[in-house]
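Visitor: Take a look at the following structure, please.
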Amino acid sequence: MGTSALRSTAVAFVSTVVFFGAVGWITVHAPNWPDVQRSFFNGTVWNQSVPDIVPAFWVNVQLFCIAEVLILVLALVLAVLRSLPGPVLFPLRLLATVYADVFRAVPGVLIIYLLGFGIPGLQIPGVPTDPFFYAVVALTLVYSAYVSEVYRAGIQSVHPSQEAAARSLGLTQLQALRYVVLPQAVRRVIPPLLNDFIGLQKDTVLVSYIGVVEIFRQSQIDQAAAFNFTPYLVTALVFLVITIPLARLVDVLIARDRRRFLAGAR
Amino acid sequence: MNVPPRGEPAATHATPSLQPAGRTEPALRVEGVWKSFGQARVLRGIDLELAEHDVVCLIGASGSGKSTLLRCINLLEPVDAGRIVLQGEEITAPGADVNRVRRRLGIVFQSFNLFPHMSVLSNVTLAPRKVLRLSRRDAEERATALLGRFGLADKRDDFPDRLSGGQQQRVAIVRALAMEPDLLLLDEITSALDPELVAEVLNVIRELARGGMTMLIATHEMGFARDIATRVCFLDSGVILEQGPPAEIFGHPREARTRQFLQRIVEAGRL
């Protein structure tokens, strides 16, 4: 390694330490810092709320994991429906298109309210009343609309000559899709899919509106009890801890795809 | 002599491919085929007949309709008018089962079009397994034999992006052969290759011709066409202007347009 690279690293390190040191010093010496500290970074409240909040996050994790699997399946079905050719299948294409338009246009909270309060309110016997159930359904409906568009972009990015090659070997339309187009499409859209799932992780807190006691609702309870905002900071930290590794993974995957693309362009 | 495997799943054959004497049904008959893309009339009444074991080369300038004709025969493009008859069965008839027809017609493209997410072996075995419903073992046995025959035995587990252009195109040929087609369509299969890789691909085709494979070949390689073809067809603006044995077409072309075309080829040092 050259000495110039070493020098660059050293300079970057010193400059970073100096910059953030200065920002930190100015912050804690600002006139209102003690008030801010009491309200947001209160050690006692922190210690009380962590044992409440972190277990409540388990609800978000369950919600996220179940919804994610359902979304991956439903969105793929929608994307495939939208890619089918021929006049006979027009109603299916229309259905998939209207679905994507509606569920991307309507705010997610509204869907959560409509389902979570509206459907149990009908009081039809046998229809579930568990808010967790409606939370899963609402998030699945909303996110499938986005994810189906991601899949569709992937399907369209596979060159038509691939399908022609598959069909020319006698594969049916569906076989060509299943064995040739989709495997290539899905591989290409993994980074944007993960991006949508970062959004989904965060949006699991929206279901607190219909009475699911998850991390955000729990931090509201703790905030009200202590009359202090530190519980929200705990919640924010939990999301940072789980989201940042996922964001870095997306970066790694994009960089890998880019290298592959460049290698493929010989 | 090494006779290439011929697809004989008897049920799909209207007529036996070889009759002891007398006339046999032509392998392929194209009758009055027209094809337009928007305003562009690409094929303007093509008539063409191939007997079993014929090797017919289509020559002509870019845009004369060679590729379109092959794509029409493979039913990748619907024809506007005319009929295409494969061994007595009209494949352009409404309601013809395109998937079944394509099993009997192999096509190899200029740009290889291998499946990049699959190994060479999977590329070759996909259609035999999913279309012909061969077991994995049988399909792999057939693929391995074909790959070995064309010098690709050591590439079977590689992915297409690890191969040279010539190797990729040979894999594409093997992939088509694995379906044991009755007729092989080759669409300018050397046009995307570096010059030093052309020979290895053309040698594969020579071997197939020696083995009796019926082939319809669109090509810019005139020397190759002269060597291999039983008949050469000169396409000009969507019609077959002139056809005959290679010696005749290349030696004594009757039409002025053919002479002009060949003159330009000679000037370009390609013949």
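Chain labels follow the order of the structure tokens: the first chain is A, the next B, and so on; residue numbering restarts at 1 in every chain, and ligands are counted from 1 in their shown order.
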Please, which residues in chain B fall within 9 Å of chain A when counting only C-alpha atoms, and what is the closest atom pair and distance in Å to one decimal for each, ordered by chain then residue number, as JSON lines?
Guide:
```
{"residue": "B:Asn74", "atom": "CA", "partner": "A:Ser168", "partner_atom": "CA", "distance": 6.8}
{"residue": "B:Leu75", "atom": "CA", "partner": "A:Ser168", "partner_atom": "CA", "distance": 8.3}
{"residue": "B:Leu76", "atom": "CA", "partner": "A:Ala164", "partner_atom": "CA", "distance": 7.1}
{"residue": "B:Val98", "atom": "CA", "partner": "A:Gly170", "partner_atom": "CA", "distance": 7.7}
{"residue": "B:Asn99", "atom": "CA", "partner": "A:Gly170", "partner_atom": "CA", "distance": 4.6}
{"residue": "B:Arg100", "atom": "CA", "partner": "A:Gly170", "partner_atom": "CA", "distance": 6.5}
{"residue": "B:Val101", "atom": "CA", "partner": "A:Gly170", "partner_atom": "CA", "distance": 7.6}
{"residue": "B:Arg102", "atom": "CA", "partner": "A:Gly170", "partner_atom": "CA", "distance": 4.9}
{"residue": "B:Arg103", "atom": "CA", "partner": "A:Gly170", "partner_atom": "CA", "distance": 5.0}
{"residue": "B:Arg104", "atom": "CA", "partner": "A:Gly170", "partner_atom": "CA", "distance": 8.5}
{"residue": "B:Leu105", "atom": "CA", "partner": "A:Ser168", "partner_atom": "CA", "distance": 7.8}
{"residue": "B:Gly106", "atom": "CA", "partner": "A:Leu169", "partner_atom": "CA", "distance": 6.8}
{"residue": "B:Ile107", "atom": "CA", "partner": "A:Ser168", "partner_atom": "CA", "distance": 6.7}
{"residue": "B:Val108", "atom": "CA", "partner": "A:Ala165", "partner_atom": "CA", "distance": 8.4}
{"residue": "B:Phe109", "atom": "CA", "partner": "A:Ala165", "partner_atom": "CA", "distance": 8.2}
{"residue": "B:Ser111", "atom": "CA", "partner": "A:Ser161", "partner_atom": "CA", "distance": 8.7}
{"residue": "B:Phe112", "atom": "CA", "partner": "A:Ala165", "partner_atom": "CA", "distance": 8.7}
{"residue": "B:Asn113", "atom": "CA", "partner": "A:Gln162", "partner_atom": "CA", "distance": 5.9}
{"residue": "B:Leu114", "atom": "CA", "partner": "A:Gln162", "partner_atom": "CA", "distance": 7.6}
{"residue": "B:Phe115", "atom": "CA", "partner": "A:Val180", "partner_atom": "CA", "distance": 6.8}
{"residue": "B:Pro116", "atom": "CA", "partner": "A:Gln184", "partner_atom": "CA", "distance": 8.1}
{"residue": "B:His117", "atom": "CA", "partner": "A:Gln184", "partner_atom": "CA", "distance": 6.6}
{"residue": "B:Met118", "atom": "CA", "partner": "A:Val180", "partner_atom": "CA", "distance": 8.9}
{"residue": "B:Leu126", "atom": "CA", "partner": "A:Tyr179", "partner_atom": "CA", "distance": 8.3}
{"residue": "B:Ala127", "atom": "CA", "partner": "A:Leu169", "partner_atom": "CA", "distance": 6.1}
{"residue": "B:Pro128", "atom": "CA", "partner": "A:Leu169", "partner_atom": "CA", "distance": 8.8}
{"residue": "B:Lys130", "atom": "CA", "partner": "A:Leu171", "partner_atom": "CA", "distance": 7.2}
{"residue": "B:Val131", "atom": "CA", "partner": "A:Leu171", "partner_atom": "CA", "distance": 6.0}
{"residue": "B:Leu132", "atom": "CA", "partner": "A:Gly170", "partner_atom": "CA", "distance": 9.0}
{"residue": "B:Asp161", "atom": "CA", "partner": "A:Gly264", "partner_atom": "CA", "distance": 6.5}
{"residue": "B:Arg175", "atom": "CA", "partner": "A:Leu169", "partner_atom": "CA", "distance": 8.4}
{"residue": "B:Ala176", "atom": "CA", "partner": "A:Leu169", "partner_atom": "CA", "distance": 6.9}
{"residue": "B:Met179", "atom": "CA", "partner": "A:Leu169", "partner_atom": "CA", "distance": 7.4}
```
Visitor: Applying 7 Å and only C-alpha atoms, which residues near stretch 78-92 of chain B remain after dropping the ones on its own chain fewer than 4 positions away? List them as a list in words.
Guide: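 Final neighbour list, sorted by chain and number: Ala14, Thr15, Glu25, Pro26, Ala27, Leu28, Arg29, Val30, Glu31, Gly32, Val33, Trp34, Lys35, Cys72, Ile73, Ala96 and Val101 of chain B.
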Visitor: Output the selection as a JSON list (two decimals), in the first residue's frame - C-alpha atoms for each residue.
Guide:
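Output file result38.json follows:
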```
[["chain", "number", "residue", "atom", "x", "y", "z"],
["B", 14, "ALA", "CA", -47.37, -37.19, -39.63],
["B", 15, "THR", "CA", -45.18, -39.13, -42.03],
["B", 25, "GLU", "CA", -42.96, -35.32, -48.01],
["B", 26, "PRO", "CA", -40.65, -32.26, -48.02],
["B", 27, "ALA", "CA", -39.12, -31.47, -44.64],
["B", 28, "LEU", "CA", -40.32, -27.90, -45.00],
["B", 29, "ARG", "CA", -42.49, -26.07, -47.49],
["B", 30, "VAL", "CA", -42.97, -22.30, -47.37],
["B", 31, "GLU", "CA", -45.74, -21.04, -49.64],
["B", 32, "GLY", "CA", -46.34, -17.39, -50.45],
["B", 33, "VAL", "CA", -45.35, -16.02, -47.06],
["B", 34, "TRP", "CA", -45.81, -12.29, -46.48],
["B", 35, "LYS", "CA", -44.79, -10.39, -43.39],
["B", 72, "CYS", "CA", -41.61, -16.87, -39.05],
["B", 73, "ILE", "CA", -40.78, -20.53, -39.62],
["B", 96, "ALA", "CA", -51.70, -25.32, -34.48],
["B", 101, "VAL", "CA", -44.15, -27.48, -33.47]]
```
Visitor: What separation in Å, quoted to one decimal, exists between atom CA of B:Arg226 and atom CA of B:Glu248?
Guide: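 According to the coordinates, atom CA of B:Arg226 and atom CA of B:Glu248 are separated by 9.9 Å.
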Visitor: Do you know which residues are at most 12 Å from B:Gly251 counting only C-alpha atoms, after dropping those on the same chain fewer than 5 positions away, and could you put them as a count of residues only?
Guide: 10
Visitor: Give me, as a ChimeraX atom specification, all polymer residues having an atom no more than 12 Å from stretch 92-105 of chain A, counting only C-alpha atoms and skipping those fewer than 3 positions away in the same chain.
Guide: /A:74-89,108-112,138-150,152
Visitor: Can you list, as a ChimeraX atom specification, all residues belonging to stretch 47-159 of chain B that DSSP tags as alpha helix (DSSP H)?
Guide: /B:66-73,98-104,120-130,136-149
Visitor: Write a file of the selected residues as a tab-separated table (two decimals), in the first residue's frame, keeping N, CA and C atoms.
Guide:
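The resulting again_33.tsv:
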```
chain	number	residue	atom	x	y	z
B	66	LYS	N	-33.87	-12.31	-44.28
B	66	LYS	CA	-33.40	-13.64	-43.91
B	66	LYS	C	-33.83	-14.03	-42.50
B	67	SER	N	-33.51	-13.13	-41.55
B	67	SER	CA	-33.83	-13.45	-40.15
B	67	SER	C	-35.34	-13.53	-39.94
B	68	THR	N	-36.06	-12.63	-40.57
B	68	THR	CA	-37.52	-12.63	-40.39
B	68	THR	C	-38.11	-13.93	-40.89
B	69	LEU	N	-37.59	-14.43	-42.01
B	69	LEU	CA	-38.11	-15.69	-42.55
B	69	LEU	C	-37.88	-16.82	-41.53
B	70	LEU	N	-36.69	-16.87	-40.93
B	70	LEU	CA	-36.42	-17.93	-39.95
B	70	LEU	C	-37.33	-17.78	-38.73
B	71	ARG	N	-37.52	-16.53	-38.29
B	71	ARG	CA	-38.38	-16.32	-37.12
B	71	ARG	C	-39.83	-16.68	-37.42
B	72	CYS	N	-40.25	-16.47	-38.67
B	72	CYS	CA	-41.61	-16.87	-39.05
B	72	CYS	C	-41.74	-18.39	-39.05
B	73	ILE	N	-40.72	-19.06	-39.57
B	73	ILE	CA	-40.78	-20.53	-39.62
B	73	ILE	C	-40.84	-21.10	-38.21
B	98	VAL	N	-48.24	-24.44	-31.13
B	98	VAL	CA	-46.91	-23.88	-31.38
B	98	VAL	C	-45.84	-24.57	-30.55
B	99	ASN	N	-46.18	-24.93	-29.32
B	99	ASN	CA	-45.17	-25.55	-28.47
B	99	ASN	C	-44.73	-26.89	-29.03
B	100	ARG	N	-45.69	-27.62	-29.60
B	100	ARG	CA	-45.36	-28.93	-30.16
B	100	ARG	C	-44.53	-28.76	-31.44
B	101	VAL	N	-44.90	-27.73	-32.24
B	101	VAL	CA	-44.15	-27.48	-33.47
B	101	VAL	C	-42.71	-27.13	-33.15
B	102	ARG	N	-42.53	-26.29	-32.12
B	102	ARG	CA	-41.18	-25.79	-31.83
B	102	ARG	C	-40.26	-26.90	-31.31
B	103	ARG	N	-40.84	-27.98	-30.78
B	103	ARG	CA	-39.99	-29.10	-30.37
B	103	ARG	C	-39.28	-29.71	-31.56
B	104	ARG	N	-39.89	-29.59	-32.73
B	104	ARG	CA	-39.32	-30.24	-33.91
B	104	ARG	C	-38.43	-29.30	-34.70
B	120	VAL	N	-23.98	-24.57	-18.12
B	120	VAL	CA	-24.08	-25.10	-19.48
B	120	VAL	C	-24.99	-26.33	-19.50
B	121	LEU	N	-24.77	-27.22	-18.54
B	121	LEU	CA	-25.56	-28.46	-18.51
B	121	LEU	C	-27.05	-28.14	-18.34
B	122	SER	N	-27.38	-27.21	-17.44
B	122	SER	CA	-28.79	-26.87	-17.23
B	122	SER	C	-29.38	-26.19	-18.45
B	123	ASN	N	-28.58	-25.36	-19.13
B	123	ASN	CA	-29.05	-24.76	-20.36
B	123	ASN	C	-29.50	-25.83	-21.35
B	124	VAL	N	-28.68	-26.89	-21.44
B	124	VAL	CA	-28.94	-27.93	-22.44
B	124	VAL	C	-30.07	-28.86	-21.99
B	125	THR	N	-30.18	-29.10	-20.68
B	125	THR	CA	-31.17	-30.09	-20.23
B	125	THR	C	-32.55	-29.49	-19.94
B	126	LEU	N	-32.64	-28.15	-19.85
B	126	LEU	CA	-33.92	-27.54	-19.44
B	126	LEU	C	-35.09	-28.00	-20.32
B	127	ALA	N	-34.95	-27.80	-21.62
B	127	ALA	CA	-36.08	-28.13	-22.50
B	127	ALA	C	-36.35	-29.64	-22.58
B	128	PRO	N	-35.31	-30.48	-22.72
B	128	PRO	CA	-35.61	-31.92	-22.70
B	128	PRO	C	-36.35	-32.36	-21.43
B	129	ARG	N	-36.00	-31.76	-20.30
B	129	ARG	CA	-36.67	-32.16	-19.07
B	129	ARG	C	-38.09	-31.61	-18.98
B	130	LYS	N	-38.24	-30.33	-19.28
B	130	LYS	CA	-39.54	-29.70	-19.05
B	130	LYS	C	-40.50	-29.91	-20.22
B	136	ARG	N	-34.14	-36.38	-15.18
B	136	ARG	CA	-32.89	-35.62	-15.09
B	136	ARG	C	-31.71	-36.45	-15.60
B	137	ARG	N	-31.71	-37.74	-15.23
B	137	ARG	CA	-30.59	-38.60	-15.61
B	137	ARG	C	-30.50	-38.75	-17.12
B	138	ASP	N	-31.65	-39.03	-17.74
B	138	ASP	CA	-31.65	-39.22	-19.20
B	138	ASP	C	-31.25	-37.94	-19.91
B	139	ALA	N	-31.80	-36.82	-19.43
B	139	ALA	CA	-31.50	-35.54	-20.06
B	139	ALA	C	-30.02	-35.22	-19.94
B	140	GLU	N	-29.46	-35.50	-18.76
B	140	GLU	CA	-28.04	-35.19	-18.55
B	140	GLU	C	-27.15	-36.12	-19.36
B	141	GLU	N	-27.59	-37.35	-19.51
B	141	GLU	CA	-26.83	-38.29	-20.33
B	141	GLU	C	-26.77	-37.81	-21.78
B	142	ARG	N	-27.95	-37.42	-22.28
B	142	ARG	CA	-28.03	-36.93	-23.65
B	142	ARG	C	-27.19	-35.67	-23.81
B	143	ALA	N	-27.29	-34.75	-22.84
B	143	ALA	CA	-26.56	-33.48	-22.92
B	143	ALA	C	-25.06	-33.73	-22.88
B	144	THR	N	-24.65	-34.62	-21.98
B	144	THR	CA	-23.22	-34.88	-21.84
B	144	THR	C	-22.64	-35.48	-23.11
B	145	ALA	N	-23.41	-36.37	-23.74
B	145	ALA	CA	-22.94	-36.97	-24.99
B	145	ALA	C	-22.77	-35.90	-26.06
B	146	LEU	N	-23.76	-35.01	-26.17
B	146	LEU	CA	-23.69	-33.97	-27.20
B	146	LEU	C	-22.56	-32.98	-26.91
B	147	LEU	N	-22.42	-32.60	-25.65
B	147	LEU	CA	-21.35	-31.66	-25.29
B	147	LEU	C	-20.00	-32.27	-25.61
B	148	GLY	N	-19.86	-33.57	-25.32
B	148	GLY	CA	-18.61	-34.25	-25.61
B	148	GLY	C	-18.32	-34.29	-27.11
B	149	ARG	N	-19.36	-34.52	-27.87
B	149	ARG	CA	-19.20	-34.63	-29.32
B	149	ARG	C	-18.70	-33.30	-29.92
```
Visitor: Env of A:Gly211: 10 Å cut, atoms = only C-alpha atoms, seq-sep filter 5 positions within chain, self excluded. Answer as a ChimeraX atom specification.
Guide: /A:116-117,130-132,135,217
Visitor: Could the residues in this selection be saved with all heavy atoms as a JSON list (two decimals), in the first residue's frame?
Guide:
```
[["chain", "number", "residue", "atom", "x", "y", "z"],
["A", 116, "GLY", "N", -58.84, -2.47, 10.42],
["A", 116, "GLY", "CA", -58.71, -2.79, 11.84],
["A", 116, "GLY", "C", -59.92, -2.40, 12.67],
["A", 116, "GLY", "O", -60.28, -3.10, 13.63],
["A", 117, "PHE", "N", -60.56, -1.30, 12.32],
["A", 117, "PHE", "CA", -61.77, -0.90, 13.03],
["A", 117, "PHE", "C", -63.02, -1.28, 12.26],
["A", 117, "PHE", "O", -64.03, -1.68, 12.83],
["A", 117, "PHE", "CB", -61.78, 0.62, 13.27],
["A", 117, "PHE", "CG", -60.77, 1.05, 14.30],
["A", 117, "PHE", "CD1", -59.97, 2.15, 14.08],
["A", 117, "PHE", "CD2", -60.64, 0.35, 15.50],
["A", 117, "PHE", "CE1", -59.04, 2.56, 15.03],
["A", 117, "PHE", "CE2", -59.71, 0.76, 16.45],
["A", 117, "PHE", "CZ", -58.90, 1.86, 16.20],
["A", 130, "ASP", "N", -59.06, -9.96, 16.15],
["A", 130, "ASP", "CA", -57.72, -9.69, 16.65],
["A", 130, "ASP", "C", -57.06, -8.58, 15.82],
["A", 130, "ASP", "O", -56.90, -8.72, 14.61],
["A", 130, "ASP", "CB", -56.90, -10.98, 16.54],
["A", 130, "ASP", "CG", -55.49, -10.80, 17.06],
["A", 130, "ASP", "OD1", -55.20, -9.71, 17.60],
["A", 130, "ASP", "OD2", -54.68, -11.74, 16.91],
["A", 131, "PRO", "N", -56.68, -7.45, 16.45],
["A", 131, "PRO", "CA", -56.07, -6.37, 15.67],
["A", 131, "PRO", "C", -54.76, -6.80, 14.99],
["A", 131, "PRO", "O", -54.43, -6.28, 13.93],
["A", 131, "PRO", "CB", -55.82, -5.26, 16.71],
["A", 131, "PRO", "CG", -56.06, -5.86, 18.04],
["A", 131, "PRO", "CD", -56.88, -7.09, 17.85],
["A", 132, "PHE", "N", -54.04, -7.75, 15.58],
["A", 132, "PHE", "CA", -52.80, -8.23, 14.97],
["A", 132, "PHE", "C", -53.07, -8.81, 13.58],
["A", 132, "PHE", "O", -52.33, -8.57, 12.63],
["A", 132, "PHE", "CB", -52.14, -9.28, 15.87],
["A", 132, "PHE", "CG", -50.81, -9.74, 15.37],
["A", 132, "PHE", "CD1", -49.65, -9.06, 15.69],
["A", 132, "PHE", "CD2", -50.70, -10.88, 14.56],
["A", 132, "PHE", "CE1", -48.41, -9.48, 15.23],
["A", 132, "PHE", "CE2", -49.46, -11.30, 14.08],
["A", 132, "PHE", "CZ", -48.32, -10.60, 14.43],
["A", 135, "ALA", "N", -53.60, -6.04, 11.25],
["A", 135, "ALA", "CA", -52.32, -5.37, 11.02],
["A", 135, "ALA", "C", -51.53, -6.09, 9.92],
["A", 135, "ALA", "O", -51.02, -5.47, 8.98],
["A", 135, "ALA", "CB", -51.51, -5.34, 12.31],
["A", 217, "ARG", "N", -46.33, 1.79, 20.62],
["A", 217, "ARG", "CA", -47.39, 1.95, 21.61],
["A", 217, "ARG", "C", -46.81, 1.84, 23.03],
["A", 217, "ARG", "O", -47.16, 2.60, 23.92],
["A", 217, "ARG", "CB", -48.46, 0.87, 21.39],
["A", 217, "ARG", "CG", -49.69, 1.02, 22.24],
["A", 217, "ARG", "CD", -50.63, 2.05, 21.62],
["A", 217, "ARG", "NE", -51.69, 2.41, 22.58],
["A", 217, "ARG", "CZ", -51.62, 3.46, 23.38],
["A", 217, "ARG", "NH1", -50.59, 4.27, 23.35],
["A", 217, "ARG", "NH2", -52.61, 3.71, 24.22]]
```
Visitor: My list of candidates is B:Glu207, B:Asp157, B:Asp187, B:Asp54. Which is closest to B:Glu221 when distances are computed with only C-alpha atoms?
Guide: B:Asp187
Visitor: Applying 8 Å and only C-alpha atoms, which residues near A:Ala247 remain after dropping the ones on its own chain fewer than 4 positions away? List them as a list of chain:residue names.
Guide: A:Asn195, A:Ile198, A:Thr243, A:Asp251
Visitor: Between atom CA of A:Leu182 and atom CA of A:Val158, what is the distance, to one decimal in Å?
Guide: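 Spanning atom CA of A:Leu182 to atom CA of A:Val158 is a straight-line distance of 8.6 Å.
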Visitor: Using only C-alpha atoms, which protein or nucleic acid residues come within 12 Å of stretch 33-37 of chain A? Drop anything in the same chain fewer than 5 positions from it, and give the result as a CSV table (one decimal) with N, CA and C atoms, in the first residue's frame.
Guide:
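Writing done, so here's around30.csv:
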```csv
chain,number,residue,atom,x,y,z
A,24,GLY,N,-20.0,18.1,19.1
A,24,GLY,CA,-20.4,17.6,20.4
A,24,GLY,C,-20.2,18.6,21.5
A,25,TRP,N,-19.0,19.3,21.5
A,25,TRP,CA,-18.7,20.3,22.5
A,25,TRP,C,-19.7,21.4,22.5
A,26,ILE,N,-20.0,21.9,21.3
A,26,ILE,CA,-20.9,23.0,21.1
A,26,ILE,C,-22.3,22.6,21.7
A,27,THR,N,-22.7,21.4,21.3
A,27,THR,CA,-24.0,20.9,21.8
A,27,THR,C,-24.1,20.9,23.3
A,28,VAL,N,-23.2,20.2,23.9
A,28,VAL,CA,-23.3,20.1,25.4
A,28,VAL,C,-23.0,21.4,26.1
A,42,ASN,N,-32.7,10.9,29.7
A,42,ASN,CA,-32.8,10.7,31.1
A,42,ASN,C,-32.4,9.3,31.5
A,43,GLY,N,-31.3,9.1,32.3
A,43,GLY,CA,-30.8,7.8,32.6
A,43,GLY,C,-31.8,6.9,33.4
A,44,THR,N,-32.5,7.5,34.3
A,44,THR,CA,-33.5,6.8,35.2
A,44,THR,C,-34.6,6.2,34.3
A,45,VAL,N,-35.2,7.1,33.5
A,45,VAL,CA,-36.3,6.7,32.6
A,45,VAL,C,-35.8,5.7,31.6
A,46,TRP,N,-34.6,5.9,31.1
A,46,TRP,CA,-34.0,4.9,30.2
A,46,TRP,C,-34.0,3.5,30.8
A,228,ASN,N,-41.7,12.0,30.1
A,228,ASN,CA,-40.4,12.2,29.6
A,228,ASN,C,-40.2,11.5,28.2
A,229,PHE,N,-39.4,12.1,27.3
A,229,PHE,CA,-39.3,11.5,26.0
A,229,PHE,C,-38.3,10.5,25.7
A,230,THR,N,-37.6,10.1,26.8
A,230,THR,CA,-36.5,9.1,26.6
A,230,THR,C,-37.0,7.8,26.1
A,233,LEU,N,-36.6,7.7,22.4
A,233,LEU,CA,-35.2,7.6,22.0
A,233,LEU,C,-34.8,6.1,22.0
```
